[in-house]
file protein31.cif (mmCIF, C-alpha atoms and all ligand atoms)
data_query
#
loop_
_atom_site.group_PDB
_atom_site.id
_atom_site.type_symbol
_atom_site.label_atom_id
_atom_site.label_comp_id
_atom_site.auth_asym_id
_atom_site.auth_seq_id
_atom_site.Cartn_x
_atom_site.Cartn_y
_atom_site.Cartn_z
ATOM 1 C CA MET A 1 80.261 55.597 -21.750
ATOM 2 C CA GLU A 2 80.428 58.481 -24.215
ATOM 3 C CA ALA A 3 77.839 61.235 -23.913
ATOM 4 C CA ASN A 4 76.806 60.712 -27.534
ATOM 5 C CA GLU A 5 75.570 57.200 -26.623
ATOM 6 C CA PHE A 6 73.580 58.599 -23.707
ATOM 7 C CA VAL A 7 70.239 56.903 -23.031
ATOM 8 C CA ASN A 8 67.387 58.555 -21.084
ATOM 9 C CA CYS A 9 67.207 56.294 -18.020
ATOM 10 C CA TYR A 10 63.700 57.621 -17.279
ATOM 11 C CA ALA A 11 62.275 55.666 -20.234
ATOM 12 C CA ASP A 12 61.663 52.828 -17.783
ATOM 13 C CA GLN A 13 58.546 51.657 -15.960
ATOM 14 C CA LYS A 14 60.277 50.601 -12.736
ATOM 15 C CA ARG A 15 62.042 53.957 -12.554
ATOM 16 C CA ALA A 16 58.735 55.755 -13.143
ATOM 17 C CA GLU A 17 57.049 53.814 -10.310
ATOM 18 C CA ALA A 18 59.875 54.686 -7.909
ATOM 19 C CA TYR A 19 60.222 58.285 -9.072
ATOM 20 C CA ALA A 20 56.521 58.948 -8.510
ATOM 21 C CA LYS A 21 57.066 58.403 -4.779
ATOM 22 C CA LEU A 22 59.563 61.270 -4.531
ATOM 23 C CA GLU A 23 57.998 64.512 -3.470
ATOM 24 C CA PHE A 24 59.622 67.517 -1.803
ATOM 25 C CA ALA A 25 61.535 65.966 1.095
ATOM 26 C CA GLY A 26 65.257 65.638 1.759
ATOM 27 C CA THR A 27 67.695 67.109 -0.736
ATOM 28 C CA TYR A 28 64.822 67.768 -3.173
ATOM 29 C CA TYR A 29 63.356 70.189 -0.620
ATOM 30 C CA LEU A 30 66.185 72.595 -1.479
ATOM 31 C CA ALA A 31 65.432 72.411 -5.199
ATOM 32 C CA TYR A 32 61.853 73.563 -4.701
ATOM 33 C CA ARG A 33 62.070 75.673 -1.511
ATOM 34 C CA ASP A 34 62.869 78.981 -3.206
ATOM 35 C CA LEU A 35 60.849 78.559 -6.410
ATOM 36 C CA PRO A 36 57.684 80.324 -5.168
ATOM 37 C CA ALA A 37 59.759 83.426 -4.335
ATOM 38 C CA VAL A 38 61.614 83.130 -7.658
ATOM 39 C CA PHE A 39 58.300 82.986 -9.566
ATOM 40 C CA ALA A 40 56.890 85.925 -7.575
ATOM 41 C CA GLU A 41 59.916 88.037 -8.409
ATOM 42 C CA HIS A 42 60.527 87.089 -12.027
ATOM 43 C CA VAL A 43 57.412 85.638 -13.653
ATOM 44 C CA LYS A 44 54.441 87.697 -14.827
ATOM 45 C CA GLY A 45 51.375 85.647 -15.737
ATOM 46 C CA LYS A 46 50.297 82.082 -15.190
ATOM 47 C CA GLU A 47 50.637 80.161 -18.480
ATOM 48 C CA ALA A 48 53.348 77.554 -18.004
ATOM 49 C CA ILE A 49 55.032 74.597 -19.630
ATOM 50 C CA ASP A 50 56.767 72.050 -17.418
ATOM 51 C CA PHE A 51 59.490 70.708 -19.702
ATOM 52 C CA GLY A 52 60.588 67.211 -18.618
ATOM 53 C CA CYS A 53 57.665 66.828 -16.239
ATOM 54 C CA GLY A 54 58.486 63.219 -15.360
ATOM 55 C CA THR A 55 55.787 61.735 -13.143
ATOM 56 C CA GLY A 56 54.344 65.195 -12.572
ATOM 57 C CA ARG A 57 55.884 66.354 -9.304
ATOM 58 C CA SER A 58 57.030 69.671 -10.798
ATOM 59 C CA THR A 59 53.760 70.052 -12.765
ATOM 60 C CA ARG A 60 51.663 69.628 -9.624
ATOM 61 C CA PHE A 61 53.974 72.062 -7.845
ATOM 62 C CA LEU A 62 53.304 74.688 -10.518
ATOM 63 C CA ARG A 63 49.569 74.028 -10.461
ATOM 64 C CA ASP A 64 49.555 74.321 -6.654
ATOM 65 C CA HIS A 65 51.253 77.711 -7.047
ATOM 66 C CA GLY A 66 48.543 79.022 -9.334
ATOM 67 C CA PHE A 67 49.894 78.187 -12.811
ATOM 68 C CA GLN A 68 47.916 76.768 -15.715
ATOM 69 C CA VAL A 69 50.445 74.190 -16.682
ATOM 70 C CA THR A 70 51.062 71.578 -19.338
ATOM 71 C CA GLY A 71 53.617 68.908 -18.510
ATOM 72 C CA VAL A 72 55.662 67.525 -21.414
ATOM 73 C CA ASP A 73 58.063 64.620 -21.524
ATOM 74 C CA ILE A 74 59.596 62.177 -24.004
ATOM 75 C CA SER A 75 59.185 59.161 -21.695
ATOM 76 C CA GLU A 76 55.954 57.253 -22.133
ATOM 77 C CA ASP A 77 56.468 55.496 -18.772
ATOM 78 C CA MET A 78 56.826 58.804 -16.906
ATOM 79 C CA ILE A 79 53.815 60.414 -18.628
ATOM 80 C CA ARG A 80 51.647 57.342 -17.998
ATOM 81 C CA LYS A 81 52.490 57.491 -14.306
ATOM 82 C CA ALA A 82 51.932 61.269 -14.151
ATOM 83 C CA ARG A 83 48.425 60.781 -15.572
ATOM 84 C CA GLN A 84 47.756 57.978 -13.098
ATOM 85 C CA VAL A 85 48.827 60.129 -10.124
ATOM 86 C CA SER A 86 46.917 63.161 -11.346
ATOM 87 C CA PRO A 87 44.188 62.224 -13.871
ATOM 88 C CA ASP A 88 43.028 65.840 -14.175
ATOM 89 C CA GLY A 89 46.532 67.072 -15.099
ATOM 90 C CA ASP A 90 47.470 68.094 -18.649
ATOM 91 C CA TYR A 91 50.355 65.849 -19.675
ATOM 92 C CA ARG A 92 51.683 65.474 -23.225
ATOM 93 C CA LEU A 93 54.060 62.861 -24.557
ATOM 94 C CA ILE A 94 56.206 64.544 -27.214
ATOM 95 C CA GLU A 95 58.753 63.366 -29.741
ATOM 96 C CA ASP A 96 62.148 64.684 -28.715
ATOM 97 C CA GLY A 97 62.300 68.387 -29.627
ATOM 98 C CA ASP A 98 58.866 68.517 -31.283
ATOM 99 C CA PHE A 99 56.969 71.483 -29.800
ATOM 100 C CA ARG A 100 54.692 72.090 -32.819
ATOM 101 C CA GLN A 101 51.510 71.529 -30.783
ATOM 102 C CA PHE A 102 52.376 74.528 -28.547
ATOM 103 C CA GLN A 103 51.728 78.102 -29.602
ATOM 104 C CA ARG A 104 54.938 80.053 -29.915
ATOM 105 C CA GLY A 105 55.318 83.389 -28.172
ATOM 106 C CA THR A 106 52.582 82.780 -25.600
ATOM 107 C CA TYR A 107 54.002 81.302 -22.397
ATOM 108 C CA ASP A 108 54.880 83.217 -19.237
ATOM 109 C CA LEU A 109 57.043 80.453 -17.814
ATOM 110 C CA VAL A 110 58.888 77.361 -18.948
ATOM 111 C CA LEU A 111 60.125 75.347 -15.981
ATOM 112 C CA ALA A 112 62.657 72.555 -16.476
ATOM 113 C CA ALA A 113 63.331 70.847 -13.142
ATOM 114 C CA PHE A 114 66.290 68.444 -13.453
ATOM 115 C CA THR A 115 65.560 67.852 -17.161
ATOM 116 C CA PHE A 116 68.830 69.280 -18.479
ATOM 117 C CA ASP A 117 70.784 66.833 -16.269
ATOM 118 C CA ASN A 118 69.627 64.210 -18.768
ATOM 119 C CA ILE A 119 70.361 66.003 -22.012
ATOM 120 C CA ALA A 120 73.710 65.228 -23.572
ATOM 121 C CA THR A 121 75.819 67.440 -25.849
ATOM 122 C CA ILE A 122 76.000 71.180 -26.212
ATOM 123 C CA GLU A 123 74.261 71.062 -29.599
ATOM 124 C CA LYS A 124 71.198 69.382 -28.164
ATOM 125 C CA LYS A 125 71.055 71.649 -25.132
ATOM 126 C CA VAL A 126 71.332 74.754 -27.339
ATOM 127 C CA ARG A 127 68.659 73.493 -29.748
ATOM 128 C CA LEU A 128 66.204 72.713 -26.948
ATOM 129 C CA PHE A 129 66.790 76.059 -25.218
ATOM 130 C CA GLN A 130 66.188 77.865 -28.540
ATOM 131 C CA GLN A 131 62.907 75.993 -28.937
ATOM 132 C CA LEU A 132 61.851 76.684 -25.340
ATOM 133 C CA ARG A 133 62.734 80.353 -25.788
ATOM 134 C CA SER A 134 60.471 80.526 -28.844
ATOM 135 C CA LEU A 135 57.510 79.443 -26.680
ATOM 136 C CA LEU A 136 57.894 82.467 -24.371
ATOM 137 C CA ASN A 137 56.026 85.727 -24.746
ATOM 138 C CA PRO A 138 58.237 88.845 -24.667
ATOM 139 C CA GLU A 139 58.088 89.012 -20.849
ATOM 140 C CA GLY A 140 58.353 85.238 -20.425
ATOM 141 C CA ARG A 141 61.049 83.484 -18.424
ATOM 142 C CA ILE A 142 62.684 80.072 -18.422
ATOM 143 C CA VAL A 143 63.498 78.736 -14.961
ATOM 144 C CA ILE A 144 65.727 75.682 -14.773
ATOM 145 C CA VAL A 145 66.820 73.632 -11.794
ATOM 146 C CA VAL A 146 69.948 71.593 -12.499
ATOM 147 C CA SER A 147 72.390 69.526 -10.503
ATOM 148 C CA SER A 148 75.564 71.286 -9.451
ATOM 149 C CA PRO A 149 78.750 69.385 -10.422
ATOM 150 C CA GLU A 150 79.391 68.870 -6.661
ATOM 151 C CA ILE A 151 76.313 66.686 -6.278
ATOM 152 C CA TYR A 152 78.180 63.871 -8.089
ATOM 153 C CA LEU A 153 81.160 64.037 -5.705
ATOM 154 C CA ARG A 154 79.585 63.867 -2.251
ATOM 155 C CA GLU A 155 77.023 62.223 0.002
ATOM 156 C CA TRP A 156 73.607 63.830 0.577
ATOM 157 C CA ALA A 157 70.408 63.247 2.538
ATOM 158 C CA SER A 158 68.750 61.814 -0.598
ATOM 159 C CA PHE A 159 71.676 60.745 -2.810
ATOM 160 C CA SER A 160 74.846 58.726 -2.721
ATOM 161 C CA THR A 161 77.825 58.813 -5.079
ATOM 162 C CA LYS A 162 80.446 56.974 -2.999
ATOM 163 C CA ASP A 163 80.339 53.924 -5.272
ATOM 164 C CA PHE A 164 81.265 56.024 -8.305
ATOM 165 C CA PRO A 165 84.821 57.311 -7.822
ATOM 166 C CA GLN A 166 85.039 57.706 -11.607
ATOM 167 C CA ASN A 167 82.742 60.753 -11.227
ATOM 168 C CA ARG A 168 85.826 62.608 -9.960
ATOM 169 C CA LEU A 169 87.478 62.253 -13.356
ATOM 170 C CA ALA A 170 84.446 63.509 -15.269
ATOM 171 C CA HIS A 171 84.639 66.755 -17.205
ATOM 172 C CA SER A 172 81.721 68.948 -18.130
ATOM 173 C CA GLY A 173 79.626 67.002 -20.658
ATOM 174 C CA ASP A 174 80.626 63.549 -19.389
ATOM 175 C CA VAL A 175 78.295 60.863 -18.036
ATOM 176 C CA VAL A 176 78.217 60.543 -14.222
ATOM 177 C CA LYS A 177 76.328 58.236 -11.871
ATOM 178 C CA ILE A 178 74.302 58.847 -8.730
ATOM 179 C CA VAL A 179 71.927 56.752 -6.614
ATOM 180 C CA VAL A 180 68.684 58.152 -5.201
ATOM 181 C CA THR A 181 68.464 56.802 -1.653
ATOM 182 C CA ASP A 182 64.921 58.075 -0.985
ATOM 183 C CA HIS A 183 63.213 55.358 -3.018
ATOM 184 C CA GLU A 184 63.564 51.614 -3.571
ATOM 185 C CA ASP A 185 65.111 51.739 -7.052
ATOM 186 C CA ARG A 186 68.831 51.710 -6.202
ATOM 187 C CA ARG A 187 70.002 51.369 -9.796
ATOM 188 C CA PRO A 188 72.248 54.359 -10.496
ATOM 189 C CA VAL A 189 70.863 57.229 -12.492
ATOM 190 C CA GLU A 190 73.126 58.338 -15.321
ATOM 191 C CA ASP A 191 73.321 62.079 -15.747
ATOM 192 C CA ILE A 192 75.472 64.496 -17.724
ATOM 193 C CA VAL A 193 77.615 66.743 -15.530
ATOM 194 C CA TRP A 194 77.592 70.372 -16.709
ATOM 195 C CA THR A 195 79.466 73.275 -15.132
ATOM 196 C CA ASP A 196 78.178 76.799 -14.567
ATOM 197 C CA GLU A 197 80.591 78.070 -17.213
ATOM 198 C CA ALA A 198 79.322 75.498 -19.725
ATOM 199 C CA TYR A 199 75.681 76.376 -18.976
ATOM 200 C CA ARG A 200 76.425 80.047 -19.572
ATOM 201 C CA GLU A 201 77.964 79.165 -22.927
ATOM 202 C CA VAL A 202 74.792 77.239 -23.846
ATOM 203 C CA PHE A 203 72.552 80.135 -22.778
ATOM 204 C CA GLY A 204 74.562 82.596 -24.872
ATOM 205 C CA LYS A 205 74.399 80.356 -27.951
ATOM 206 C CA ALA A 206 70.636 79.900 -27.472
ATOM 207 C CA GLY A 207 69.961 83.658 -27.267
ATOM 208 C CA LEU A 208 69.267 83.636 -23.535
ATOM 209 C CA ALA A 209 70.593 85.840 -20.738
ATOM 210 C CA VAL A 210 70.819 84.914 -17.063
ATOM 211 C CA VAL A 211 68.555 87.235 -15.064
ATOM 212 C CA GLN A 212 69.595 85.619 -11.794
ATOM 213 C CA SER A 213 70.998 82.374 -10.466
ATOM 214 C CA TYR A 214 70.604 80.767 -7.054
ATOM 215 C CA LYS A 215 72.465 78.057 -5.145
ATOM 216 C CA PRO A 216 70.083 77.008 -2.356
ATOM 217 C CA LEU A 217 71.757 75.928 0.879
ATOM 218 C CA ALA A 218 70.115 74.261 3.881
ATOM 219 C CA LYS A 219 69.888 76.397 7.015
ATOM 220 C CA GLY A 220 70.251 73.450 9.387
ATOM 221 C CA ASP A 221 66.901 73.705 11.164
ATOM 222 C CA GLU A 222 64.961 71.678 8.581
ATOM 223 C CA PRO A 223 63.628 68.232 9.593
ATOM 224 C CA TYR A 224 66.154 66.335 7.424
ATOM 225 C CA ALA A 225 69.417 64.571 8.173
ATOM 226 C CA TRP A 226 71.603 66.834 6.052
ATOM 227 C CA VAL A 227 75.010 65.531 5.032
ATOM 228 C CA SER A 228 76.608 68.126 2.740
ATOM 229 C CA GLU A 229 73.595 70.408 2.198
ATOM 230 C CA THR A 230 74.394 73.115 4.779
ATOM 231 C CA ALA A 231 77.827 73.754 3.244
ATOM 232 C CA ILE A 232 77.488 72.901 -0.454
ATOM 233 C CA ALA A 233 74.566 73.613 -2.748
ATOM 234 C CA PRO A 234 73.366 70.458 -4.528
ATOM 235 C CA TRP A 235 71.316 72.405 -7.097
ATOM 236 C CA VAL A 236 71.573 75.516 -9.205
ATOM 237 C CA VAL A 237 68.520 77.530 -10.262
ATOM 238 C CA TYR A 238 68.803 79.837 -13.305
ATOM 239 C CA VAL A 239 66.235 82.416 -14.353
ATOM 240 C CA LEU A 240 66.609 83.132 -18.083
ATOM 241 C CA ARG A 241 65.161 85.622 -20.547
ATOM 242 C CA GLY A 242 65.452 85.941 -24.302
ATOM 243 C CA THR A 243 67.979 88.474 -25.604
HETATM 244 C C1 LIG B 1 64.794 63.772 -13.322
HETATM 245 S S1 LIG B 1 63.268 63.761 -14.165
HETATM 246 C C2 LIG B 1 62.523 65.222 -13.494
HETATM 247 C C3 LIG B 1 61.024 65.159 -13.431
HETATM 248 C C4 LIG B 1 60.311 66.362 -12.874
HETATM 249 N N1 LIG B 1 60.679 67.601 -13.524
HETATM 250 C C5 LIG B 1 60.473 66.490 -11.380
HETATM 251 O O1 LIG B 1 60.934 67.526 -10.905
HETATM 252 O O2 LIG B 1 60.127 65.548 -10.674
HETATM 253 C C6 LIG B 1 63.785 64.307 -15.779
HETATM 254 C C7 LIG B 1 62.740 64.094 -16.872
HETATM 255 O O3 LIG B 1 63.177 64.737 -18.073
HETATM 256 C C8 LIG B 1 62.742 63.956 -19.165
HETATM 257 N N2 LIG B 1 63.506 64.299 -20.366
HETATM 258 C C9 LIG B 1 64.790 63.984 -20.665
HETATM 259 N N3 LIG B 1 65.110 64.454 -21.892
HETATM 260 C C10 LIG B 1 64.016 65.104 -22.357
HETATM 261 C C11 LIG B 1 63.714 65.816 -23.577
HETATM 262 N N4 LIG B 1 64.624 65.918 -24.553
HETATM 263 N N5 LIG B 1 62.490 66.350 -23.732
HETATM 264 C C12 LIG B 1 61.551 66.229 -22.738
HETATM 265 N N6 LIG B 1 61.770 65.568 -21.577
HETATM 266 C C13 LIG B 1 62.987 65.022 -21.387
HETATM 267 C C14 LIG B 1 62.967 62.522 -18.685
HETATM 268 O O4 LIG B 1 62.207 61.586 -19.436
HETATM 269 C C15 LIG B 1 62.522 62.616 -17.214
HETATM 270 O O5 LIG B 1 61.165 62.284 -17.066
#

call {"tool": "encode", "arguments": {"input": "protein31.cif", "output": "structure tokens"}}
result
Amino acid sequence: MEANEFVNCYADQKRAEAYAKLEFAGTYYLAYRDLPAVFAEHVKGKEAIDFGCGTGRSTRFLRDHGFQVTGVDISEDMIRKARQVSPDGDYRLIEDGDFRQFQRGTYDLVLAAFTFDNIATIEKKVRLFQQLRSLLNPEGRIVIVVSSPEIYLREWASFSTKDFPQNRLAHSGDVVKIVVTDHEDRRPVEDIVWTDEAYREVFGKAGLAVVQSYKPLAKGDEPYAWVSETAIAPWVVYVLRGT
């Protein structure tokens, strides 16, 4: 499948039901483990947008770490489930790329946890990053958590890719497949693989600079049956500021 025909696989009720059961265990633990320290070091203030909030895991995480947060997503199924899980949360269904309801220049933090894995093409990534940047106040930061290209090539505590040898032929920007093994929906998720070099090109085009990046590795003493996680980082975290 070509990236320009890419469909958001999270616009799906069954996927939303399954996704809502994922929390912070297994491989996902590594995506969230370091975020409190990252926020403490890089983010001043508590006004946050959770871009691509899904069923609200990342939104609740921000709220539990003291942020006043609005979760936004383009999937009605995911937003419906987020509201069901957390009726007092602030969740907004938006049209793709339409941020008019949010005041520009006011936010301390925009978090996008795994969202950019599902956004095809450099043009669309650049456009969305420009829009997210415009929401930040002058000291504001964008923090993104994305899949490293290696996640699509190996086995993990919470993911499998062994049935998708075609992932090995994928170049940055291509569609890849991965199965989440921590929930009952074993239909593959389709993502867009994107290298570090390609992300840095996007950031530059969107008027963003990398303040810091992290590749969280497991230490080995966590209560999970790690497969590749102690040697290879499944996720990359970027802290970004406007230039
Ligand atoms: C893998 S889920 C991550 C959910 C959540 N951040 C978490 O950590 O659990 C990615 C979400 O991004 C949303 N998404 C994809 N493209 C988007 C876009 N252009 N604007 C807003 N949300 C988007 C999808 O609908 C999906 O709910």

call {"tool": "residues_near_ligand", "arguments": {"input": "protein31.cif", "ligand": "ligand LIG 1 (chain B)", "cutoff": "9 Å", "atoms": "all atoms listed in the file", "output": "compact mmCIF listing (two decimals) with C-alpha atoms, keeping the file's coordinate frame"}}
result
# COMPACT_ATOMS: atom_id res chain seq x y z
CA ASN A 8 67.39 58.56 -21.08
CA CYS A 9 67.21 56.29 -18.02
CA TYR A 10 63.70 57.62 -17.28
CA ALA A 11 62.28 55.67 -20.23
CA ASP A 12 61.66 52.83 -17.78
CA ALA A 16 58.74 55.76 -13.14
CA TYR A 19 60.22 58.28 -9.07
CA ALA A 20 56.52 58.95 -8.51
CA LEU A 22 59.56 61.27 -4.53
CA GLU A 23 58.00 64.51 -3.47
CA TYR A 28 64.82 67.77 -3.17
CA ALA A 31 65.43 72.41 -5.20
CA TYR A 32 61.85 73.56 -4.70
CA ASP A 50 56.77 72.05 -17.42
CA PHE A 51 59.49 70.71 -19.70
CA GLY A 52 60.59 67.21 -18.62
CA CYS A 53 57.66 66.83 -16.24
CA GLY A 54 58.49 63.22 -15.36
CA THR A 55 55.79 61.74 -13.14
CA GLY A 56 54.34 65.19 -12.57
CA ARG A 57 55.88 66.35 -9.30
CA SER A 58 57.03 69.67 -10.80
CA THR A 59 53.76 70.05 -12.76
CA PHE A 61 53.97 72.06 -7.84
CA GLY A 71 53.62 68.91 -18.51
CA VAL A 72 55.66 67.53 -21.41
CA ASP A 73 58.06 64.62 -21.52
CA ILE A 74 59.60 62.18 -24.00
CA SER A 75 59.18 59.16 -21.70
CA GLU A 76 55.95 57.25 -22.13
CA ASP A 77 56.47 55.50 -18.77
CA MET A 78 56.83 58.80 -16.91
CA ILE A 79 53.82 60.41 -18.63
CA LEU A 93 54.06 62.86 -24.56
CA ILE A 94 56.21 64.54 -27.21
CA GLU A 95 58.75 63.37 -29.74
CA ASP A 96 62.15 64.68 -28.72
CA GLY A 97 62.30 68.39 -29.63
CA ASP A 98 58.87 68.52 -31.28
CA LEU A 111 60.12 75.35 -15.98
CA ALA A 112 62.66 72.56 -16.48
CA ALA A 113 63.33 70.85 -13.14
CA PHE A 114 66.29 68.44 -13.45
CA THR A 115 65.56 67.85 -17.16
CA PHE A 116 68.83 69.28 -18.48
CA ASP A 117 70.78 66.83 -16.27
CA ASN A 118 69.63 64.21 -18.77
CA ILE A 119 70.36 66.00 -22.01
CA ALA A 120 73.71 65.23 -23.57
CA LYS A 124 71.20 69.38 -28.16
CA LYS A 125 71.06 71.65 -25.13
CA LEU A 128 66.20 72.71 -26.95
CA VAL A 145 66.82 73.63 -11.79
CA VAL A 189 70.86 57.23 -12.49

call {"tool": "resolve_selection", "arguments": {"input": "protein31.cif", "expression": "the PyMOL selection byres (((chain A and resi 218) around 7) and not hetatm)", "output": "compact mmCIF listing (two decimals) with C-alpha atoms, in the frame of the given file"}}
result
# COMPACT_ATOMS: atom_id res chain seq x y z
CA LEU A 30 66.18 72.60 -1.48
CA PRO A 216 70.08 77.01 -2.36
CA LEU A 217 71.76 75.93 0.88
CA LYS A 219 69.89 76.40 7.02
CA GLY A 220 70.25 73.45 9.39
CA GLU A 229 73.60 70.41 2.20
CA THR A 230 74.39 73.11 4.78

call {"tool": "closest_residue", "arguments": {"input": "protein31.cif", "among": "A:Ala233, A:Ile122, A:Val210, A:Val7", "to": "Ala198 (chain A)", "atoms": "all atoms listed in the file"}}
result
A:Ile122

call {"tool": "atom_distance", "arguments": {"input": "protein31.cif", "atom1": "CA of Ser147 (chain A)", "atom2": "CA of Gly242 (chain A)"}}
result
22.5 Å

call {"tool": "atom_distance", "arguments": {"input": "protein31.cif", "atom1": "CA of Ser228 (chain A)", "atom2": "CA of Trp156 (chain A)"}}
result
5.7 Å

call {"tool": "closest_atom_pairs", "arguments": {"input": "protein31.cif", "of": "region 86-196 of chain A", "to": "region 35-48 of chain A", "cutoff": "10 Å", "atoms": "all atoms listed in the file", "output": "tab-separated table"}}
result
residue	atom	partner	partner_atom	distance
A:Thr106	CA	A:Glu47	CA	7.8
A:Tyr107	CA	A:Glu47	CA	5.3
A:Asp108	CA	A:Glu47	CA	5.3
A:Leu109	CA	A:Ala48	CA	4.7
A:Val110	CA	A:Ala48	CA	5.6
A:Leu111	CA	A:Ala48	CA	7.4
A:Leu135	CA	A:Ala48	CA	9.8
A:Leu136	CA	A:Ala48	CA	9.2
A:Asn137	CA	A:Glu47	CA	10.0
A:Glu139	CA	A:Lys44	CA	7.2
A:Gly140	CA	A:Val43	CA	6.8
A:Arg141	CA	A:Val43	CA	6.4
A:Ile142	CA	A:Val43	CA	9.0
A:Val143	CA	A:Phe39	CA	8.6
A:Val145	CA	A:Leu35	CA	9.4

call {"tool": "residues_near_point", "arguments": {"input": "protein31.cif", "point": "(51.4, 74.3, -15.2)", "cutoff": "6 Å", "atoms": "all atoms listed in the file", "output": "list in words"}}
result
Ala48, Ile49, Thr59, Leu62, Arg63, Phe67, Gln68, Val69 and Thr70 of chain A

call {"tool": "atom_distance", "arguments": {"input": "protein31.cif", "atom1": "CA of Arg100 (chain A)", "atom2": "CA of Val126 (chain A)"}}
result
17.7 Å

call {"tool": "closest_residue", "arguments": {"input": "protein31.cif", "among": "A:Pro149, A:Pro138, A:Gln212, A:Ile232", "to": "Ile192 (chain A)", "atoms": "all atoms listed in the file"}}
result
A:Pro149

call {"tool": "closest_residue", "arguments": {"input": "protein31.cif", "among": "A:Lys162, A:Arg15, A:Lys215, A:Arg154", "to": "Arg33 (chain A)", "atoms": "only C-alpha atoms"}}
result
A:Lys215

call {"tool": "resolve_selection", "arguments": {"input": "protein31.cif", "expression": "the PyMOL selection byres (((chain A and resi 237) around 6) and not hetatm)", "output": "PyMOL selection string"}}
result
chain A and resi 144-145+213-214+236+238

call {"tool": "residues_around", "arguments": {"input": "protein31.cif", "residues": "Ile178 (chain A)", "least_positions_apart": "3", "cutoff": "12 Å", "atoms": "all atoms listed in the file", "output": "short mmCIF file (atom, residue, chain, number, x, y, z; two decimals) with C-alpha atoms, in the coordinates of the input"}}
result
data_model
loop_
_atom_site.label_atom_id
_atom_site.label_comp_id
_atom_site.auth_asym_id
_atom_site.auth_seq_id
_atom_site.Cartn_x
_atom_site.Cartn_y
_atom_site.Cartn_z
CA CYS A 9 67.21 56.29 -18.02
CA ASP A 117 70.78 66.83 -16.27
CA SER A 147 72.39 69.53 -10.50
CA PRO A 149 78.75 69.39 -10.42
CA GLU A 150 79.39 68.87 -6.66
CA ILE A 151 76.31 66.69 -6.28
CA TYR A 152 78.18 63.87 -8.09
CA LEU A 153 81.16 64.04 -5.70
CA ARG A 154 79.58 63.87 -2.25
CA GLU A 155 77.02 62.22 0.00
CA TRP A 156 73.61 63.83 0.58
CA SER A 158 68.75 61.81 -0.60
CA PHE A 159 71.68 60.74 -2.81
CA SER A 160 74.85 58.73 -2.72
CA THR A 161 77.82 58.81 -5.08
CA LYS A 162 80.45 56.97 -3.00
CA ASP A 163 80.34 53.92 -5.27
CA PHE A 164 81.26 56.02 -8.30
CA PRO A 165 84.82 57.31 -7.82
CA GLN A 166 85.04 57.71 -11.61
CA ASN A 167 82.74 60.75 -11.23
CA VAL A 175 78.30 60.86 -18.04
CA THR A 181 68.46 56.80 -1.65
CA ASP A 185 65.11 51.74 -7.05
CA ARG A 186 68.83 51.71 -6.20
CA ARG A 187 70.00 51.37 -9.80
CA PRO A 188 72.25 54.36 -10.50
CA VAL A 189 70.86 57.23 -12.49
CA GLU A 190 73.13 58.34 -15.32
CA ASP A 191 73.32 62.08 -15.75
CA ILE A 192 75.47 64.50 -17.72
CA VAL A 193 77.61 66.74 -15.53
#

call {"tool": "closest_residue", "arguments": {"input": "protein31.cif", "among": "A:Phe99, A:Tyr91, A:Phe6, A:Phe129", "to": "Leu208 (chain A)", "atoms": "all atoms listed in the file"}}
result
A:Phe129

call {"tool": "closest_residue", "arguments": {"input": "protein31.cif", "among": "A:Gln131, A:Gln84, A:Gly66, A:Ser148", "to": "Trp235 (chain A)", "atoms": "only C-alpha atoms"}}
result
A:Ser148

call {"tool": "closest_residue", "arguments": {"input": "protein31.cif", "among": "A:Lys14, A:Arg241, A:Arg168, A:Lys177", "to": "Arg133 (chain A)", "atoms": "all atoms listed in the file"}}
result
A:Arg241

call {"tool": "axis_aligned_box", "arguments": {"input": "protein31.cif", "around": "region 136-155 of chain A", "padding_each_side": "3 Å", "output": "AutoDock Vina command-line options"}}
result
--center_x 68.6 --center_y 75.6 --center_z -12.4 --size_x 31.1 --size_y 32.8 --size_z 30.7
